[in-house]
Amino acid sequence: MLTLGISLLVGSVGTLIHNLSFSSSFSFRKHFPVACRTLGLSVTHGNEIALPSVNKVINESWGVRLLVGLPVGLSSAKVIDHKDAIAEALRVPADSVEMRYANDGLIVDIVTQQMPTRLPYKAPDDPDSYRVLIGVNQRNEPRYYDFDGSYPHLLIGGISGGGKSVILRSILTTLVSGPAPDLYLCDLKGGVELGIFRRLACVKGFGTTIEDVRRLAAELEAEMLRRYAILAENGAQSWTGKKAILVIDELADFKSRAGDPDAKVKAEIKAIIARISAKGRAAGVLLVLATQRPSADVVDGMIKTNIAASICFRTRDTTQSRIILDSPAAADLPDIPGRLIFQTAYDETLQAPFLSAEEARRLIADLPQRQHEEVVQNEPHINQADAMDCDIIEL
Ligand SMILES: Nc1ncnc2c1ncn2[C@@H]1O[C@H](COP(=O)(O)OP(=O)(O)O)[C@@H](O)[C@H]1O
Ligand SMILES: [Mg+2]
């Protein structure tokens, strides 16, 4: 009884419960069926009530796993529907409980390990891969975004100070140290955020003004159309050469207000972005857009009509969260820089790696550079070698 008392008392204190999780295992075994009974998750046969039973309690590095057997007639889906209420009855936070059906029973994971608040950046293991680390989940499992995968285009949202520029820095550092795609970088903070990359040979364009963004987006669209023409000529369906990526840090500045002298340019940019988001993937032309204040029309033009992955740091309100994720969840994220919801087929909370500008500068110092600024501005982005790369037909 004393053990039970202690475990319930510390139930909401993550670090303590982790240390005491084994004294609490007994209580989970006992209290899971009790919670189910209270919630009506049982099957009645005459006078007998059959309840779920915890057949095994496994202590894991990240918390506790319960293997639960269900009585005939009680579906796992019904129990999973009551996940939040069961968590409350077990005195653990709702988001620490994960349930799934497996081997004619239910696996209930109670993840008591705290997420790290700072995760150091690590250089990728496979330098040829377009996979970039987005963060680790509560179990310390890494999660990646693959620029070569099934979710083309990446949208990054969340409040100022959330970690958008830092994750862009770590994504770009990984890409330039690895496959070095052709990069078109737009930094509307005058170059403070992405400036460290501007002299790299793989950076085909660098812009700091709205007009620069229009020019670079138009160049990239021309490149996309050129690649389509080559694909058609070769009877190929998708580009297997180097990818070209347009990165924009602070898309918020694109929102035009009444009387905005840049309204026309902004409308043009939006139209180009919408076209690239719809057609870019097959041509290996991708977008990474970061925005503090997502405007529904830009985002609608992109993610609602085309499959995209989203990274959403904490948002000011549920409306902003809905624009990015279609769910209010990012408004409830803790105020921890680098804490985000990564959305692909499902949503998962992660802690992003931290990479300082100094460290990034050091990591990229030995990569091929351009000699002069002028070259960056005027370099023709069409590369003959690429044209030869696209004759493999993807089936
Ligand atoms: N992944 C992270 N881990 C730890 N701290 C972070 C992380 N990302 C950002 N920060 C902290 O938050 C600050 C603001 O991050 P930044 O990327 O500039 O925010 P945003 O671009 O969203 O306004 C950084 O200077 C850093 O101190
Ligand atoms: Mg920023």
# chains A, B, ... in the order shown; residues from 1 in each chain; ligands from 1
call {"tool": "residues_around", "arguments": {"residues": "Leu220 of chain A", "least_positions_apart": "3", "cutoff": "10 Å", "atoms": "only C-alpha atoms", "output": "PyMOL selection string"}}
result
chain A and resi 182-184+204-205+214-217+223-226+244-246+272-273+276+280+285-286+381-382
call {"tool": "write_last_selection", "arguments": {"atoms": "N, CA and C atoms", "output": "PDB file, in the first residue's frame"}}
result
ATOM      1  N   ASP A 182      21.623  21.837 -55.168  1.00  0.00           N
ATOM      2  CA  ASP A 182      21.676  23.244 -55.559  1.00  0.00           C
ATOM      3  C   ASP A 182      20.737  24.005 -54.642  1.00  0.00           C
ATOM      4  N   LEU A 183      21.274  25.019 -53.983  1.00  0.00           N
ATOM      5  CA  LEU A 183      20.456  25.732 -53.000  1.00  0.00           C
ATOM      6  C   LEU A 183      20.194  27.163 -53.443  1.00  0.00           C
ATOM      7  N   TYR A 184      18.958  27.569 -53.250  1.00  0.00           N
ATOM      8  CA  TYR A 184      18.537  28.948 -53.493  1.00  0.00           C
ATOM      9  C   TYR A 184      18.064  29.448 -52.141  1.00  0.00           C
ATOM     10  N   LYS A 204      23.406  28.380 -55.217  1.00  0.00           N
ATOM     11  CA  LYS A 204      23.306  28.959 -56.559  1.00  0.00           C
ATOM     12  C   LYS A 204      22.715  30.355 -56.538  1.00  0.00           C
ATOM     13  N   GLY A 205      22.090  30.704 -55.437  1.00  0.00           N
ATOM     14  CA  GLY A 205      21.530  32.041 -55.342  1.00  0.00           C
ATOM     15  C   GLY A 205      21.287  32.385 -53.892  1.00  0.00           C
ATOM     16  N   ARG A 214      11.672  36.848 -55.475  1.00  0.00           N
ATOM     17  CA  ARG A 214      10.936  36.669 -56.729  1.00  0.00           C
ATOM     18  C   ARG A 214      11.886  36.156 -57.822  1.00  0.00           C
ATOM     19  N   ARG A 215      13.050  36.782 -57.889  1.00  0.00           N
ATOM     20  CA  ARG A 215      14.022  36.398 -58.919  1.00  0.00           C
ATOM     21  C   ARG A 215      14.475  34.945 -58.737  1.00  0.00           C
ATOM     22  N   LEU A 216      14.818  34.587 -57.505  1.00  0.00           N
ATOM     23  CA  LEU A 216      15.315  33.224 -57.270  1.00  0.00           C
ATOM     24  C   LEU A 216      14.216  32.183 -57.479  1.00  0.00           C
ATOM     25  N   ALA A 217      12.996  32.524 -57.034  1.00  0.00           N
ATOM     26  CA  ALA A 217      11.880  31.588 -57.225  1.00  0.00           C
ATOM     27  C   ALA A 217      11.620  31.396 -58.717  1.00  0.00           C
ATOM     28  N   GLU A 223      14.233  26.388 -63.943  1.00  0.00           N
ATOM     29  CA  GLU A 223      15.019  25.154 -63.835  1.00  0.00           C
ATOM     30  C   GLU A 223      14.098  23.932 -63.798  1.00  0.00           C
ATOM     31  N   MET A 224      12.981  24.076 -63.070  1.00  0.00           N
ATOM     32  CA  MET A 224      12.013  22.974 -62.992  1.00  0.00           C
ATOM     33  C   MET A 224      11.477  22.650 -64.392  1.00  0.00           C
ATOM     34  N   LEU A 225      11.138  23.702 -65.141  1.00  0.00           N
ATOM     35  CA  LEU A 225      10.578  23.484 -66.475  1.00  0.00           C
ATOM     36  C   LEU A 225      11.628  22.881 -67.411  1.00  0.00           C
ATOM     37  N   ARG A 226      12.886  23.343 -67.249  1.00  0.00           N
ATOM     38  CA  ARG A 226      13.976  22.784 -68.049  1.00  0.00           C
ATOM     39  C   ARG A 226      14.106  21.285 -67.774  1.00  0.00           C
ATOM     40  N   ALA A 244      17.252  20.456 -56.350  1.00  0.00           N
ATOM     41  CA  ALA A 244      17.386  21.905 -56.201  1.00  0.00           C
ATOM     42  C   ALA A 244      16.350  22.343 -55.171  1.00  0.00           C
ATOM     43  N   ILE A 245      16.799  23.092 -54.196  1.00  0.00           N
ATOM     44  CA  ILE A 245      15.905  23.421 -53.077  1.00  0.00           C
ATOM     45  C   ILE A 245      15.867  24.927 -52.851  1.00  0.00           C
ATOM     46  N   LEU A 246      14.653  25.450 -52.793  1.00  0.00           N
ATOM     47  CA  LEU A 246      14.461  26.865 -52.447  1.00  0.00           C
ATOM     48  C   LEU A 246      14.146  26.941 -50.961  1.00  0.00           C
ATOM     49  N   ILE A 272       4.301  31.462 -57.913  1.00  0.00           N
ATOM     50  CA  ILE A 272       5.415  30.572 -58.287  1.00  0.00           C
ATOM     51  C   ILE A 272       5.546  29.440 -57.263  1.00  0.00           C
ATOM     52  N   ILE A 273       5.452  29.815 -55.979  1.00  0.00           N
ATOM     53  CA  ILE A 273       5.572  28.797 -54.927  1.00  0.00           C
ATOM     54  C   ILE A 273       4.489  27.736 -55.090  1.00  0.00           C
ATOM     55  N   ILE A 276       5.508  25.495 -58.003  1.00  0.00           N
ATOM     56  CA  ILE A 276       6.621  24.589 -57.660  1.00  0.00           C
ATOM     57  C   ILE A 276       6.119  23.505 -56.698  1.00  0.00           C
ATOM     58  N   GLY A 280       6.975  20.394 -58.535  1.00  0.00           N
ATOM     59  CA  GLY A 280       8.418  20.327 -58.320  1.00  0.00           C
ATOM     60  C   GLY A 280       8.980  18.939 -58.067  1.00  0.00           C
ATOM     61  N   VAL A 285      12.758  19.355 -57.553  1.00  0.00           N
ATOM     62  CA  VAL A 285      12.768  20.767 -57.139  1.00  0.00           C
ATOM     63  C   VAL A 285      11.860  20.912 -55.920  1.00  0.00           C
ATOM     64  N   LEU A 286      12.457  21.318 -54.817  1.00  0.00           N
ATOM     65  CA  LEU A 286      11.742  21.258 -53.544  1.00  0.00           C
ATOM     66  C   LEU A 286      11.754  22.596 -52.810  1.00  0.00           C
ATOM     67  N   HIS A 381      22.641  28.694 -63.268  1.00  0.00           N
ATOM     68  CA  HIS A 381      22.368  27.561 -62.385  1.00  0.00           C
ATOM     69  C   HIS A 381      22.193  26.266 -63.152  1.00  0.00           C
ATOM     70  N   ILE A 382      22.240  26.368 -64.486  1.00  0.00           N
ATOM     71  CA  ILE A 382      22.026  25.155 -65.260  1.00  0.00           C
ATOM     72  C   ILE A 382      23.344  24.428 -65.451  1.00  0.00           C
TER      73      ILE A 382
END
call {"tool": "residues_near_ligand", "arguments": {"ligand": "ligand 2", "cutoff": "10 Å", "atoms": "only C-alpha atoms and all ligand atoms", "output": "list in words"}}
result
Gly157, Gly158, Ile159, Ser160, Gly161, Gly162, Gly163, Lys164, Ser165, Val166, Ile167, Leu168, Asp187, Leu188, Lys189, Val192, Glu193, Leu194, Asp249, Glu250, Ala290, Thr291 and Gln292 of chain A
call {"tool": "residues_around", "arguments": {"residues": "segment 37-53 of chain A", "least_positions_apart": "5", "cutoff": "7 Å", "atoms": "only C-alpha atoms", "output": "PyMOL selection string"}}
result
chain A and resi 68-71+73-74+79
call {"tool": "write_last_selection", "arguments": {"atoms": "N, CA and C atoms", "output": "short mmCIF file (atom, residue, chain, number, x, y, z; two decimals), in the first residue's frame"}}
result
data_model
loop_
_atom_site.label_atom_id
_atom_site.label_comp_id
_atom_site.auth_asym_id
_atom_site.auth_seq_id
_atom_site.Cartn_x
_atom_site.Cartn_y
_atom_site.Cartn_z
N VAL A 68 -1.31 -6.15 -22.03
CA VAL A 68 -2.65 -6.27 -21.46
C VAL A 68 -3.47 -7.25 -22.29
N GLY A 69 -4.09 -8.19 -21.61
CA GLY A 69 -5.00 -9.12 -22.27
C GLY A 69 -6.42 -8.58 -22.15
N LEU A 70 -7.18 -8.75 -23.21
CA LEU A 70 -8.55 -8.22 -23.18
C LEU A 70 -9.54 -9.37 -23.15
N PRO A 71 -10.62 -9.24 -22.39
CA PRO A 71 -11.63 -10.30 -22.40
C PRO A 71 -12.33 -10.35 -23.75
N GLY A 73 -14.87 -9.99 -26.43
CA GLY A 73 -16.02 -9.08 -26.49
C GLY A 73 -15.65 -7.63 -26.22
N LEU A 74 -14.41 -7.41 -25.75
CA LEU A 74 -13.97 -6.02 -25.53
C LEU A 74 -12.91 -5.72 -26.59
N VAL A 79 -10.86 0.38 -25.87
CA VAL A 79 -9.95 0.74 -24.77
C VAL A 79 -9.10 1.95 -25.20
#
call {"tool": "residues_around", "arguments": {"residues": "Asp347 of chain A", "least_positions_apart": "4", "cutoff": "10 Å", "atoms": "only C-alpha atoms", "output": "list in words"}}
result
Ser310, Ile311, Leu325, Ser327, Ala329, Leu340, Ile341, Phe342 and Gln343 of chain A
call {"tool": "write_last_selection", "arguments": {"atoms": "C-alpha atoms", "output": "compact mmCIF listing (two decimals), in the first residue's frame"}}
result
# COMPACT_ATOMS: atom_id res chain seq x y z
CA SER A 310 5.43 20.13 -41.48
CA ILE A 311 7.53 21.10 -38.54
CA LEU A 325 -0.92 21.16 -38.75
CA SER A 327 -4.72 20.54 -35.34
CA ALA A 329 -1.68 20.85 -30.70
CA LEU A 340 8.26 20.81 -32.12
CA ILE A 341 5.57 18.69 -33.66
CA PHE A 342 6.74 16.86 -36.76
CA GLN A 343 3.91 15.95 -39.08
call {"tool": "residues_around", "arguments": {"residues": "Val97 of chain A", "least_positions_apart": "2", "cutoff": "6 Å", "atoms": "only C-alpha atoms", "output": "number ranges by chain"}}
result
A: 94-95, 109-110
call {"tool": "decode", "arguments": {"residues": "segment 337-357 of chain A", "atoms": "N, CA and C atoms", "output": "PDB file, in the first residue's frame"}}
result
ATOM      1  N   PRO A 337      12.658  26.078 -26.416  1.00  0.00           N
ATOM      2  CA  PRO A 337      13.153  26.250 -27.786  1.00  0.00           C
ATOM      3  C   PRO A 337      13.561  24.903 -28.364  1.00  0.00           C
ATOM      4  N   GLY A 338      13.188  24.674 -29.612  1.00  0.00           N
ATOM      5  CA  GLY A 338      13.538  23.412 -30.258  1.00  0.00           C
ATOM      6  C   GLY A 338      12.496  22.319 -30.075  1.00  0.00           C
ATOM      7  N   ARG A 339      11.482  22.567 -29.252  1.00  0.00           N
ATOM      8  CA  ARG A 339      10.412  21.560 -29.089  1.00  0.00           C
ATOM      9  C   ARG A 339       9.408  21.741 -30.224  1.00  0.00           C
ATOM     10  N   LEU A 340       9.072  20.673 -30.912  1.00  0.00           N
ATOM     11  CA  LEU A 340       8.257  20.811 -32.118  1.00  0.00           C
ATOM     12  C   LEU A 340       7.354  19.612 -32.335  1.00  0.00           C
ATOM     13  N   ILE A 341       6.378  19.817 -33.187  1.00  0.00           N
ATOM     14  CA  ILE A 341       5.569  18.686 -33.661  1.00  0.00           C
ATOM     15  C   ILE A 341       5.955  18.453 -35.117  1.00  0.00           C
ATOM     16  N   PHE A 342       6.349  17.231 -35.399  1.00  0.00           N
ATOM     17  CA  PHE A 342       6.741  16.862 -36.761  1.00  0.00           C
ATOM     18  C   PHE A 342       5.579  16.087 -37.366  1.00  0.00           C
ATOM     19  N   GLN A 343       5.066  16.592 -38.467  1.00  0.00           N
ATOM     20  CA  GLN A 343       3.909  15.953 -39.077  1.00  0.00           C
ATOM     21  C   GLN A 343       4.254  15.374 -40.448  1.00  0.00           C
ATOM     22  N   THR A 344       4.098  14.056 -40.532  1.00  0.00           N
ATOM     23  CA  THR A 344       4.156  13.412 -41.847  1.00  0.00           C
ATOM     24  C   THR A 344       2.870  12.597 -41.924  1.00  0.00           C
ATOM     25  N   ALA A 345       2.971  11.257 -41.847  1.00  0.00           N
ATOM     26  CA  ALA A 345       1.740  10.457 -41.833  1.00  0.00           C
ATOM     27  C   ALA A 345       1.033  10.621 -40.496  1.00  0.00           C
ATOM     28  N   TYR A 346       1.798  10.933 -39.472  1.00  0.00           N
ATOM     29  CA  TYR A 346       1.230  11.156 -38.142  1.00  0.00           C
ATOM     30  C   TYR A 346       2.009  12.282 -37.460  1.00  0.00           C
ATOM     31  N   ASP A 347       1.522  12.728 -36.320  1.00  0.00           N
ATOM     32  CA  ASP A 347       2.185  13.817 -35.595  1.00  0.00           C
ATOM     33  C   ASP A 347       3.039  13.241 -34.473  1.00  0.00           C
ATOM     34  N   GLU A 348       4.214  13.790 -34.304  1.00  0.00           N
ATOM     35  CA  GLU A 348       5.030  13.335 -33.185  1.00  0.00           C
ATOM     36  C   GLU A 348       5.793  14.516 -32.596  1.00  0.00           C
ATOM     37  N   THR A 349       5.833  14.580 -31.266  1.00  0.00           N
ATOM     38  CA  THR A 349       6.572  15.660 -30.608  1.00  0.00           C
ATOM     39  C   THR A 349       8.045  15.285 -30.519  1.00  0.00           C
ATOM     40  N   LEU A 350       8.897  16.225 -30.926  1.00  0.00           N
ATOM     41  CA  LEU A 350      10.338  15.959 -30.955  1.00  0.00           C
ATOM     42  C   LEU A 350      11.101  17.132 -30.357  1.00  0.00           C
ATOM     43  N   GLN A 351      12.331  16.860 -29.973  1.00  0.00           N
ATOM     44  CA  GLN A 351      13.257  17.936 -29.622  1.00  0.00           C
ATOM     45  C   GLN A 351      14.290  18.013 -30.739  1.00  0.00           C
ATOM     46  N   ALA A 352      14.394  19.210 -31.335  1.00  0.00           N
ATOM     47  CA  ALA A 352      15.299  19.387 -32.467  1.00  0.00           C
ATOM     48  C   ALA A 352      16.742  19.482 -31.997  1.00  0.00           C
ATOM     49  N   PRO A 353      17.685  19.083 -32.849  1.00  0.00           N
ATOM     50  CA  PRO A 353      19.089  19.259 -32.484  1.00  0.00           C
ATOM     51  C   PRO A 353      19.452  20.741 -32.441  1.00  0.00           C
ATOM     52  N   PHE A 354      20.368  21.083 -31.569  1.00  0.00           N
ATOM     53  CA  PHE A 354      20.830  22.476 -31.507  1.00  0.00           C
ATOM     54  C   PHE A 354      22.184  22.583 -32.187  1.00  0.00           C
ATOM     55  N   LEU A 355      22.283  23.556 -33.064  1.00  0.00           N
ATOM     56  CA  LEU A 355      23.554  23.806 -33.746  1.00  0.00           C
ATOM     57  C   LEU A 355      23.767  25.320 -33.764  1.00  0.00           C
ATOM     58  N   SER A 356      24.840  25.749 -33.112  1.00  0.00           N
ATOM     59  CA  SER A 356      25.102  27.193 -33.083  1.00  0.00           C
ATOM     60  C   SER A 356      25.705  27.625 -34.415  1.00  0.00           C
ATOM     61  N   ALA A 357      25.645  28.930 -34.681  1.00  0.00           N
ATOM     62  CA  ALA A 357      26.201  29.449 -35.934  1.00  0.00           C
ATOM     63  C   ALA A 357      27.709  29.190 -35.994  1.00  0.00           C
TER      64      ALA A 357
END
